[in-house]
Amino acid sequence: MKSIFIKGAIQPAFIADSIAKHQTKHSIGAHNIFLGQVRADVINDKTVAAIDFTCYEEMANSILEDIREKAFKTFNLTCMHIYHSLGEIKAGEVCFFVFVSAKHSKEVYAATEYLVNIVKKKVPLFGKEIFEDDSHQWKVNK
Amino acid sequence: MKSIFIKGAIQPAFIADSIAKHQTKHSIGAHNIFLGQVRADVINDKTVAAIDFTCYEEMANSILEDIREKAFKTFNLTCMHIYHSLGEIKAGEVCFFVFVSAKHSKEVYAATEYLVNIVKKKVPLFGKEIFEDDSHQWKVNK
Amino acid sequence: MAVIKYYGAIAEETKCSEEQMAVSDLKISDCMALLNKKYNLNAFEVSIALNQNLVEIDSTIKLNDSDELALLPPFAGG
Amino acid sequence: MAVIKYYGAIAEETKCSEEQMAVSDLKISDCMALLNKKYNLNAFEVSIALNQNLVEIDSTIKLNDSDELALLPPFAGG
């Protein structure tokens with residue numbers, strides 16, 4: 001599997017390009033896309049300006065391979081793509097992109113939710129929340 | 001409310017532009033996008049080449065206004081956009097675009113599914129499935 | 001005069017998208033019977049909207065001048 | 001020698017991303033005790049992966065030369 005990790009933010013044009021690539025697949029009737037966008041959360045009066053993502057990439061790739069395999073077995077999907085940013089992603093930028101396609105709409109929703117949740121839970125990604133004053137704290141998924 | 005009806009197919013660049021417009025909203029942490037794509041279904045040995053969509057637009061707009069209002073009350077959303085194509089949309093092209101944004105990921109999935117299903121059920125849109133031999137049949141949502 | 005509007009498969013059958021109809025004292029149910037007779041719409045699963053709101057096909061509401069009655073085949077958006 | 005890898009908040013604490021460690025006959029649990037003593041990692045919620053697979057922190061598996069042991073803080077993707 002090609003790497004799902006992208007250096008820097010995921011650009012809207014990259015998402016558009018992914019969509020366009022699926023327009024030659026005429027058995028697809030429904031796409032569902034999840035995008036994670038960095039929030040400017042205010043924590044103890046300090047505002048998050050960016051998140052710096054790092055990753056244990058060899059382990060992440062092997063876990064993502066398992067996730068993909070299991071998702072294709074569980075859901076009736078035509079295509080599935082997962083991308084995550086590495087490096088410093090500013091508030092408002094997209095850092096996570098899950099893209100699922102199927103023949104019918106009913107197949108896609110649960111698959112998307114499943115993939116988003118399992119990536120958050122199982123993939124060794126780490127996020128340093130950098131505040132506007134350059135101090136930081138480490139992000140923890142709830 | 002501005003019209004949600006778009007003449008012709010919904011282009012990937014239009015979707016990218018919608019995403020980009022939401023990157024200034026720093027309270028958003030999650031987007032969910034549904035795209036309906038015209039399938040080249042084979043029906044009695046004939047292949048669908050396009051769907052020609054028409055609409056009872058005054059009624060559709062008023063129903064969509066109700067749908068939006070109810071969805072904002074039901075789900076904890078920051079933004080909600082619905083677009084549907086009118087006219088002839090070829091197999092592989094996107095004719096339906098639902099775009100929902102919220103602070104947290106858990107809010108968006110059910111909202112997207114709800115909107116897709118209620119638009120299919122309640123909005124007076126009509127689809128003429130045009131086969132490759134130029135014959136046609138009228139689409140019925142299951 | 002009220003306006004009767006046709007959509008999708010029904011407009012294909014009626015060969016027009018709308019027409020005027022004299023409606024003095026005419027109930028929706030009677031109007032539908034007239035249109036059924038004129039166009040033979042029995043083959044269609046029709047829903048109807050009076051001024052953009054769905055009403056029953058056998059409604060006894062009387063049509064008024066400037067009312068808009070729409071004959072709608074099954075919805076097929078998405 | 002095995003390689004010990006550190007990520008995120010833990011790498012910040014250890015001030016390095018990886019180091020070599022002599023492991024002859026060393027259990028994972030003992031290795032973790034050594035690292036804890038060296039870096040004071042008690043404040044961290046750590047999970048550990050042996051050659052990219054999660055294992056228990058008190059595992060009695062013995063480390064071999066060329067093994068890769070990774071110390072991982074809470075995952076935060078998405």
# chains A, B, ... in the order shown; residues from 1 in each chain; ligands from 1
>>> calpha_fit_and_write(fixed="chain A", moving="chain B", output="compact mmCIF listing (two decimals) with N, CA and C atoms, in the first residue's frame")
# COMPACT_ATOMS: atom_id res chain seq x y z
N MET B 1 0.88 -1.20 0.05
CA MET B 1 0.02 0.00 0.05
C MET B 1 0.90 1.25 0.06
N LYS B 2 0.53 2.20 -0.78
CA LYS B 2 1.24 3.48 -0.78
C LYS B 2 1.00 4.20 0.54
N SER B 3 1.95 5.05 0.89
CA SER B 3 1.86 5.74 2.18
C SER B 3 0.62 6.64 2.23
N ILE B 4 0.01 6.68 3.39
CA ILE B 4 -1.15 7.53 3.54
C ILE B 4 -0.75 8.85 4.20
N PHE B 5 0.53 9.01 4.48
CA PHE B 5 0.96 10.20 5.21
C PHE B 5 1.42 11.27 4.24
N ILE B 6 0.92 12.46 4.50
CA ILE B 6 1.17 13.60 3.63
C ILE B 6 1.89 14.66 4.43
N LYS B 7 2.98 15.17 3.88
CA LYS B 7 3.73 16.22 4.57
C LYS B 7 2.95 17.52 4.44
N GLY B 8 2.54 18.08 5.57
CA GLY B 8 1.79 19.34 5.53
C GLY B 8 0.30 19.11 5.41
N ALA B 9 -0.43 20.21 5.28
CA ALA B 9 -1.89 20.16 5.26
C ALA B 9 -2.40 19.46 4.00
N ILE B 10 -3.59 18.88 4.12
CA ILE B 10 -4.28 18.29 2.97
C ILE B 10 -5.06 19.41 2.28
N GLN B 11 -4.71 19.68 1.05
CA GLN B 11 -5.28 20.83 0.34
C GLN B 11 -6.63 20.47 -0.30
N PRO B 12 -7.56 21.43 -0.35
CA PRO B 12 -8.83 21.20 -1.06
C PRO B 12 -8.61 20.68 -2.49
N ALA B 13 -7.58 21.14 -3.16
CA ALA B 13 -7.32 20.69 -4.54
C ALA B 13 -6.96 19.20 -4.58
N PHE B 14 -6.28 18.73 -3.53
CA PHE B 14 -5.95 17.29 -3.45
C PHE B 14 -7.24 16.47 -3.29
N ILE B 15 -8.15 16.99 -2.49
CA ILE B 15 -9.44 16.31 -2.28
C ILE B 15 -10.22 16.29 -3.59
N ALA B 16 -10.25 17.43 -4.29
CA ALA B 16 -10.94 17.50 -5.57
C ALA B 16 -10.36 16.50 -6.57
N ASP B 17 -9.05 16.39 -6.56
CA ASP B 17 -8.37 15.46 -7.46
C ASP B 17 -8.75 14.01 -7.14
N SER B 18 -8.84 13.70 -5.84
CA SER B 18 -9.25 12.34 -5.45
C SER B 18 -10.67 12.05 -5.92
N ILE B 19 -11.55 13.03 -5.78
CA ILE B 19 -12.94 12.85 -6.24
C ILE B 19 -12.94 12.63 -7.75
N ALA B 20 -12.22 13.48 -8.48
CA ALA B 20 -12.21 13.39 -9.95
C ALA B 20 -11.73 12.02 -10.41
N LYS B 21 -10.74 11.47 -9.71
CA LYS B 21 -10.21 10.15 -10.09
C LYS B 21 -11.26 9.04 -10.00
N HIS B 22 -12.30 9.26 -9.19
CA HIS B 22 -13.33 8.24 -9.02
C HIS B 22 -14.47 8.39 -10.01
N GLN B 23 -14.39 9.38 -10.86
CA GLN B 23 -15.49 9.62 -11.80
C GLN B 23 -15.44 8.71 -13.01
N THR B 24 -14.35 7.99 -13.16
CA THR B 24 -14.29 6.98 -14.23
C THR B 24 -14.88 5.65 -13.77
N LYS B 25 -15.14 5.53 -12.46
CA LYS B 25 -15.69 4.27 -11.93
C LYS B 25 -17.22 4.37 -11.91
N HIS B 26 -17.84 3.80 -12.93
CA HIS B 26 -19.27 4.04 -13.14
C HIS B 26 -20.18 3.11 -12.34
N SER B 27 -19.59 2.27 -11.50
CA SER B 27 -20.42 1.46 -10.60
C SER B 27 -20.63 2.18 -9.27
N ILE B 28 -19.91 3.27 -9.06
CA ILE B 28 -20.03 4.02 -7.80
C ILE B 28 -21.24 4.94 -7.85
N GLY B 29 -22.09 4.87 -6.81
CA GLY B 29 -23.23 5.77 -6.73
C GLY B 29 -23.15 6.74 -5.57
N ALA B 30 -22.23 6.45 -4.62
CA ALA B 30 -22.18 7.26 -3.40
C ALA B 30 -20.77 7.36 -2.86
N HIS B 31 -20.36 8.57 -2.56
CA HIS B 31 -19.09 8.81 -1.86
C HIS B 31 -19.40 9.42 -0.50
N ASN B 32 -18.58 9.08 0.48
CA ASN B 32 -18.66 9.78 1.76
C ASN B 32 -17.25 10.17 2.17
N ILE B 33 -17.10 11.43 2.50
CA ILE B 33 -15.79 11.99 2.82
C ILE B 33 -15.83 12.57 4.22
N PHE B 34 -14.85 12.19 5.04
CA PHE B 34 -14.67 12.84 6.33
C PHE B 34 -13.40 13.67 6.27
N LEU B 35 -13.48 14.89 6.79
CA LEU B 35 -12.30 15.74 6.88
C LEU B 35 -12.12 16.20 8.32
N GLY B 36 -10.94 15.99 8.86
CA GLY B 36 -10.61 16.54 10.17
C GLY B 36 -9.88 17.85 9.98
N GLN B 37 -10.38 18.89 10.63
CA GLN B 37 -9.80 20.24 10.48
C GLN B 37 -9.27 20.68 11.84
N VAL B 38 -8.11 21.30 11.85
CA VAL B 38 -7.50 21.73 13.12
C VAL B 38 -8.29 22.91 13.69
N ARG B 39 -8.77 22.73 14.93
CA ARG B 39 -9.54 23.78 15.60
C ARG B 39 -8.64 24.72 16.40
N ALA B 40 -9.03 25.98 16.45
CA ALA B 40 -8.31 26.95 17.28
C ALA B 40 -8.91 26.92 18.68
N ASP B 41 -8.80 25.76 19.34
CA ASP B 41 -9.36 25.63 20.69
C ASP B 41 -8.69 26.59 21.66
N VAL B 42 -9.47 27.07 22.61
CA VAL B 42 -8.90 27.91 23.66
C VAL B 42 -8.78 27.06 24.93
N ILE B 43 -7.55 26.88 25.40
CA ILE B 43 -7.28 26.03 26.57
C ILE B 43 -6.54 26.89 27.59
N ASN B 44 -7.14 27.08 28.75
CA ASN B 44 -6.56 27.94 29.79
C ASN B 44 -6.15 29.30 29.21
N ASP B 45 -7.06 29.92 28.48
CA ASP B 45 -6.85 31.25 27.90
C ASP B 45 -5.83 31.32 26.78
N LYS B 46 -5.30 30.16 26.36
CA LYS B 46 -4.37 30.19 25.23
C LYS B 46 -5.02 29.51 24.02
N THR B 47 -4.78 30.08 22.85
CA THR B 47 -5.44 29.59 21.64
C THR B 47 -4.49 28.71 20.83
N VAL B 48 -5.00 27.56 20.41
CA VAL B 48 -4.21 26.65 19.57
C VAL B 48 -4.02 27.30 18.20
N ALA B 49 -2.76 27.42 17.78
CA ALA B 49 -2.45 28.00 16.47
C ALA B 49 -2.19 26.91 15.43
N ALA B 50 -1.72 25.75 15.91
CA ALA B 50 -1.37 24.66 14.98
C ALA B 50 -1.20 23.37 15.77
N ILE B 51 -1.24 22.26 15.06
CA ILE B 51 -0.87 20.97 15.65
C ILE B 51 0.28 20.41 14.82
N ASP B 52 1.34 20.00 15.52
CA ASP B 52 2.48 19.37 14.85
C ASP B 52 2.34 17.86 15.01
N PHE B 53 2.04 17.18 13.89
CA PHE B 53 1.81 15.73 13.94
C PHE B 53 3.09 14.95 13.64
N THR B 54 3.36 13.95 14.47
CA THR B 54 4.41 12.98 14.17
C THR B 54 3.78 11.59 14.24
N CYS B 55 4.56 10.60 13.81
CA CYS B 55 3.97 9.28 13.61
C CYS B 55 5.05 8.21 13.72
N TYR B 56 4.67 7.06 14.25
CA TYR B 56 5.53 5.88 14.19
C TYR B 56 5.11 5.18 12.89
N GLU B 57 5.78 5.53 11.82
CA GLU B 57 5.24 5.28 10.48
C GLU B 57 5.20 3.79 10.10
N GLU B 58 6.25 3.03 10.44
CA GLU B 58 6.24 1.59 10.08
C GLU B 58 5.05 0.90 10.74
N MET B 59 4.86 1.20 12.03
CA MET B 59 3.75 0.58 12.75
C MET B 59 2.40 1.08 12.21
N ALA B 60 2.33 2.38 11.96
CA ALA B 60 1.08 2.97 11.45
C ALA B 60 0.69 2.32 10.13
N ASN B 61 1.65 2.14 9.24
CA ASN B 61 1.32 1.56 7.93
C ASN B 61 0.80 0.13 8.06
N SER B 62 1.41 -0.62 8.97
CA SER B 62 0.96 -2.01 9.12
C SER B 62 -0.44 -2.06 9.74
N ILE B 63 -0.70 -1.18 10.69
CA ILE B 63 -2.05 -1.13 11.29
C ILE B 63 -3.09 -0.66 10.27
N LEU B 64 -2.71 0.31 9.46
CA LEU B 64 -3.64 0.80 8.45
C LEU B 64 -3.97 -0.27 7.41
N GLU B 65 -2.98 -1.09 7.10
CA GLU B 65 -3.21 -2.22 6.18
C GLU B 65 -4.28 -3.15 6.77
N ASP B 66 -4.14 -3.47 8.07
CA ASP B 66 -5.15 -4.31 8.74
C ASP B 66 -6.52 -3.65 8.73
N ILE B 67 -6.54 -2.35 9.02
CA ILE B 67 -7.81 -1.61 9.08
C ILE B 67 -8.50 -1.66 7.71
N ARG B 68 -7.73 -1.44 6.66
CA ARG B 68 -8.29 -1.48 5.30
C ARG B 68 -8.88 -2.84 4.98
N GLU B 69 -8.09 -3.87 5.27
CA GLU B 69 -8.54 -5.24 4.98
C GLU B 69 -9.84 -5.55 5.71
N LYS B 70 -9.87 -5.21 7.00
CA LYS B 70 -11.06 -5.51 7.79
C LYS B 70 -12.26 -4.69 7.30
N ALA B 71 -12.03 -3.44 6.94
CA ALA B 71 -13.14 -2.59 6.48
C ALA B 71 -13.72 -3.12 5.17
N PHE B 72 -12.85 -3.58 4.27
CA PHE B 72 -13.36 -4.14 3.00
C PHE B 72 -14.18 -5.40 3.24
N LYS B 73 -13.80 -6.17 4.29
CA LYS B 73 -14.58 -7.36 4.62
C LYS B 73 -15.91 -7.02 5.28
N THR B 74 -15.91 -5.95 6.09
CA THR B 74 -17.09 -5.60 6.88
C THR B 74 -18.13 -4.82 6.08
N PHE B 75 -17.64 -3.93 5.20
CA PHE B 75 -18.55 -3.04 4.48
C PHE B 75 -18.47 -3.33 2.98
N ASN B 76 -19.56 -3.07 2.31
CA ASN B 76 -19.64 -3.36 0.89
C ASN B 76 -19.15 -2.15 0.08
N LEU B 77 -17.83 -1.96 0.06
CA LEU B 77 -17.25 -0.75 -0.51
C LEU B 77 -16.58 -1.02 -1.84
N THR B 78 -16.60 -0.02 -2.69
CA THR B 78 -15.87 -0.08 -3.96
C THR B 78 -14.44 0.44 -3.75
N CYS B 79 -14.30 1.54 -3.02
CA CYS B 79 -13.00 2.16 -2.79
C CYS B 79 -12.90 2.70 -1.38
N MET B 80 -11.67 2.82 -0.91
CA MET B 80 -11.42 3.36 0.43
C MET B 80 -10.05 4.02 0.44
N HIS B 81 -9.99 5.25 0.90
CA HIS B 81 -8.70 5.95 0.99
C HIS B 81 -8.62 6.68 2.32
N ILE B 82 -7.44 6.64 2.90
CA ILE B 82 -7.21 7.32 4.18
C ILE B 82 -5.91 8.12 4.05
N TYR B 83 -5.96 9.38 4.40
CA TYR B 83 -4.75 10.21 4.39
C TYR B 83 -4.66 10.99 5.70
N HIS B 84 -3.45 11.13 6.21
CA HIS B 84 -3.24 11.95 7.41
C HIS B 84 -1.99 12.80 7.22
N SER B 85 -2.09 14.02 7.70
CA SER B 85 -0.96 14.94 7.60
C SER B 85 0.11 14.65 8.64
N LEU B 86 1.35 14.95 8.28
CA LEU B 86 2.45 15.01 9.25
C LEU B 86 3.04 16.41 9.20
N GLY B 87 3.64 16.83 10.31
CA GLY B 87 4.22 18.17 10.38
C GLY B 87 3.21 19.16 10.94
N GLU B 88 3.55 20.44 10.81
CA GLU B 88 2.75 21.48 11.47
C GLU B 88 1.56 21.88 10.62
N ILE B 89 0.36 21.66 11.15
CA ILE B 89 -0.88 21.98 10.43
C ILE B 89 -1.58 23.10 11.20
N LYS B 90 -1.81 24.19 10.52
CA LYS B 90 -2.38 25.39 11.18
C LYS B 90 -3.88 25.24 11.41
N ALA B 91 -4.39 25.99 12.37
CA ALA B 91 -5.84 26.02 12.61
C ALA B 91 -6.55 26.37 11.30
N GLY B 92 -7.62 25.62 11.01
CA GLY B 92 -8.37 25.84 9.77
C GLY B 92 -7.92 24.93 8.64
N GLU B 93 -6.73 24.34 8.78
CA GLU B 93 -6.26 23.44 7.73
C GLU B 93 -6.75 22.01 7.99
N VAL B 94 -6.81 21.22 6.93
CA VAL B 94 -7.29 19.84 7.03
C VAL B 94 -6.11 18.90 7.23
N CYS B 95 -6.22 18.03 8.27
CA CYS B 95 -5.12 17.11 8.60
C CYS B 95 -5.50 15.65 8.41
N PHE B 96 -6.77 15.36 8.12
CA PHE B 96 -7.24 13.97 8.10
C PHE B 96 -8.34 13.87 7.05
N PHE B 97 -8.22 12.87 6.18
CA PHE B 97 -9.10 12.75 5.02
C PHE B 97 -9.44 11.28 4.83
N VAL B 98 -10.69 10.93 5.06
CA VAL B 98 -11.16 9.56 4.86
C VAL B 98 -12.18 9.60 3.72
N PHE B 99 -12.02 8.71 2.75
CA PHE B 99 -12.81 8.78 1.51
C PHE B 99 -13.27 7.37 1.17
N VAL B 100 -14.58 7.18 1.20
CA VAL B 100 -15.18 5.86 1.03
C VAL B 100 -16.21 5.93 -0.12
N SER B 101 -16.21 4.92 -0.98
CA SER B 101 -17.15 4.91 -2.11
C SER B 101 -17.83 3.55 -2.21
N ALA B 102 -19.11 3.57 -2.61
CA ALA B 102 -19.87 2.33 -2.72
C ALA B 102 -20.92 2.48 -3.81
N LYS B 103 -21.56 1.36 -4.12
CA LYS B 103 -22.62 1.40 -5.12
C LYS B 103 -23.80 2.24 -4.61
N HIS B 104 -24.23 1.97 -3.37
CA HIS B 104 -25.41 2.64 -2.82
C HIS B 104 -25.06 3.48 -1.59
N SER B 105 -25.87 4.49 -1.34
CA SER B 105 -25.55 5.41 -0.25
C SER B 105 -25.54 4.73 1.12
N LYS B 106 -26.44 3.75 1.33
CA LYS B 106 -26.53 3.21 2.68
C LYS B 106 -25.25 2.52 3.15
N GLU B 107 -24.37 2.15 2.23
CA GLU B 107 -23.14 1.45 2.62
C GLU B 107 -22.08 2.37 3.23
N VAL B 108 -22.12 3.65 2.90
CA VAL B 108 -20.94 4.48 3.15
C VAL B 108 -20.84 5.10 4.55
N TYR B 109 -21.99 5.38 5.17
CA TYR B 109 -21.93 6.16 6.42
C TYR B 109 -21.21 5.42 7.55
N ALA B 110 -21.63 4.19 7.80
CA ALA B 110 -21.05 3.44 8.90
C ALA B 110 -19.56 3.17 8.64
N ALA B 111 -19.22 2.94 7.37
CA ALA B 111 -17.82 2.68 7.03
C ALA B 111 -16.95 3.90 7.35
N THR B 112 -17.44 5.07 7.00
CA THR B 112 -16.68 6.30 7.28
C THR B 112 -16.48 6.48 8.79
N GLU B 113 -17.56 6.35 9.53
CA GLU B 113 -17.48 6.55 10.98
C GLU B 113 -16.52 5.52 11.61
N TYR B 114 -16.63 4.28 11.16
CA TYR B 114 -15.74 3.22 11.66
C TYR B 114 -14.28 3.57 11.39
N LEU B 115 -13.99 3.98 10.17
CA LEU B 115 -12.60 4.28 9.80
C LEU B 115 -12.05 5.46 10.59
N VAL B 116 -12.84 6.51 10.71
CA VAL B 116 -12.38 7.69 11.45
C VAL B 116 -12.05 7.29 12.89
N ASN B 117 -12.97 6.55 13.51
CA ASN B 117 -12.78 6.20 14.92
C ASN B 117 -11.61 5.25 15.13
N ILE B 118 -11.45 4.29 14.24
CA ILE B 118 -10.38 3.31 14.45
C ILE B 118 -9.01 3.93 14.16
N VAL B 119 -8.95 4.85 13.22
CA VAL B 119 -7.68 5.53 12.97
C VAL B 119 -7.29 6.36 14.20
N LYS B 120 -8.27 7.08 14.75
CA LYS B 120 -8.00 7.88 15.96
C LYS B 120 -7.50 7.00 17.10
N LYS B 121 -8.07 5.80 17.20
CA LYS B 121 -7.79 4.94 18.35
C LYS B 121 -6.52 4.10 18.18
N LYS B 122 -6.27 3.61 16.97
CA LYS B 122 -5.26 2.56 16.80
C LYS B 122 -3.99 2.99 16.10
N VAL B 123 -4.00 4.12 15.41
CA VAL B 123 -2.82 4.47 14.63
C VAL B 123 -1.90 5.38 15.46
N PRO B 124 -0.62 4.98 15.58
CA PRO B 124 0.30 5.74 16.43
C PRO B 124 0.70 7.08 15.84
N LEU B 125 -0.21 8.03 15.99
CA LEU B 125 0.03 9.41 15.59
C LEU B 125 0.05 10.26 16.85
N PHE B 126 0.91 11.27 16.86
CA PHE B 126 1.05 12.11 18.04
C PHE B 126 0.91 13.56 17.62
N GLY B 127 0.24 14.36 18.45
CA GLY B 127 -0.04 15.73 18.06
C GLY B 127 0.39 16.72 19.14
N LYS B 128 1.26 17.62 18.74
CA LYS B 128 1.70 18.67 19.67
C LYS B 128 0.88 19.92 19.37
N GLU B 129 0.01 20.30 20.30
CA GLU B 129 -0.80 21.49 20.11
C GLU B 129 0.05 22.72 20.43
N ILE B 130 0.30 23.53 19.42
CA ILE B 130 1.15 24.70 19.59
C ILE B 130 0.26 25.93 19.75
N PHE B 131 0.45 26.63 20.86
CA PHE B 131 -0.37 27.81 21.13
C PHE B 131 0.22 29.04 20.45
N GLU B 132 -0.59 30.10 20.43
CA GLU B 132 -0.15 31.32 19.75
C GLU B 132 1.11 31.92 20.38
N ASP B 133 1.33 31.63 21.68
CA ASP B 133 2.54 32.17 22.34
C ASP B 133 3.72 31.21 22.23
N ASP B 134 3.60 30.20 21.36
CA ASP B 134 4.67 29.22 21.10
C ASP B 134 4.86 28.18 22.20
N SER B 135 4.11 28.26 23.29
CA SER B 135 4.12 27.16 24.24
C SER B 135 3.31 26.01 23.62
N HIS B 136 3.34 24.85 24.25
CA HIS B 136 2.60 23.73 23.67
C HIS B 136 2.09 22.77 24.72
N GLN B 137 1.15 21.91 24.31
CA GLN B 137 0.77 20.76 25.11
C GLN B 137 0.52 19.59 24.15
N TRP B 138 0.52 18.38 24.70
CA TRP B 138 0.33 17.20 23.85
C TRP B 138 -1.13 16.84 23.79
N LYS B 139 -1.62 16.70 22.58
CA LYS B 139 -3.03 16.37 22.33
C LYS B 139 -3.31 14.92 22.76
N VAL B 140 -4.48 14.72 23.38
CA VAL B 140 -4.92 13.37 23.72
C VAL B 140 -6.33 13.19 23.14
N ASN B 141 -6.55 12.14 22.37
CA ASN B 141 -7.90 11.87 21.85
C ASN B 141 -8.80 11.38 22.96
N LYS B 142 -10.02 11.97 22.98
CA LYS B 142 -10.97 11.54 24.03
C LYS B 142 -11.71 10.29 23.57
>>> select_by_dssp(residues="region 14-121 of chain B", states="strand (DSSP E)", output="PyMOL selection string")
chain B and resi 30-37+42-43+46-55+79-90+94-102
>>> residues_around(residues="region 32-46 of chain C", least_positions_apart="5", cutoff="7 Å", atoms="only C-alpha atoms", output="list in words")
Thr14, Leu71, Leu72, Pro73 and Pro74 of chain C
>>> select_by_dssp(residues="region 16-123 of chain A", states="helix (DSSP H, G or I)", output="PyMOL selection string")
chain A and resi 16-24+57-74+105-122
>>> residues_around(residues="Ser66 (chain D)", least_positions_apart="2", cutoff="8 Å", atoms="only C-alpha atoms", output="list in words")
Met1, Ala2, Val3, Asn64 and Glu68 of chain D
>>> atom_distance(atom1="CA of Gln20 (chain D)", atom2="CA of Gly8 (chain D)")
18.6 Å
>>> atom_distance(atom1="CA of Thr60 (chain D)", atom2="CA of Ile4 (chain D)")
16.7 Å
>>> atom_distance(atom1="CA of Lys62 (chain C)", atom2="CA of Cys16 (chain C)")
23.7 Å
>>> residues_around(residues="Ser17 (chain D)", least_positions_apart="4", cutoff="6 Å", atoms="only C-alpha atoms", output="JSON, numbers by chain")
{"D": [5, 6, 11]}
>>> closest_residue(among="D:Ile61, D:Glu19, D:Gly78, D:Ser47", to="chain B", atoms="only C-alpha atoms")
D:Gly78
>>> residues_around(residues="Ile48 (chain D)", least_positions_apart="4", cutoff="7 Å", atoms="only C-alpha atoms", output="compact mmCIF listing (two decimals) with N, CA, C and O atoms, in the first residue's frame")
# COMPACT_ATOMS: atom_id res chain seq x y z
N LEU D 54 1.85 -4.00 19.56
CA LEU D 54 1.67 -3.63 20.95
C LEU D 54 1.87 -4.83 21.86
O LEU D 54 1.42 -5.94 21.55
N VAL D 55 2.58 -4.62 22.96
CA VAL D 55 2.74 -5.66 23.99
C VAL D 55 2.48 -5.04 25.35
O VAL D 55 2.48 -3.81 25.50
N ILE D 57 3.16 -3.78 29.08
CA ILE D 57 4.31 -3.11 29.68
C ILE D 57 5.07 -4.03 30.64
O ILE D 57 6.28 -3.90 30.83
N LEU D 69 11.95 -1.66 20.11
CA LEU D 69 10.95 -1.43 21.14
C LEU D 69 10.59 0.06 21.12
O LEU D 69 11.47 0.92 21.24
N ALA D 70 9.28 0.34 20.93
CA ALA D 70 8.87 1.75 20.83
C ALA D 70 8.03 2.14 22.03
O ALA D 70 7.13 1.39 22.43
N LEU D 71 8.31 3.28 22.60
CA LEU D 71 7.53 3.81 23.73
C LEU D 71 6.60 4.90 23.19
O LEU D 71 7.06 5.93 22.69
N LEU D 72 5.29 4.66 23.33
CA LEU D 72 4.31 5.50 22.65
C LEU D 72 3.39 6.19 23.66
O LEU D 72 2.73 5.53 24.45
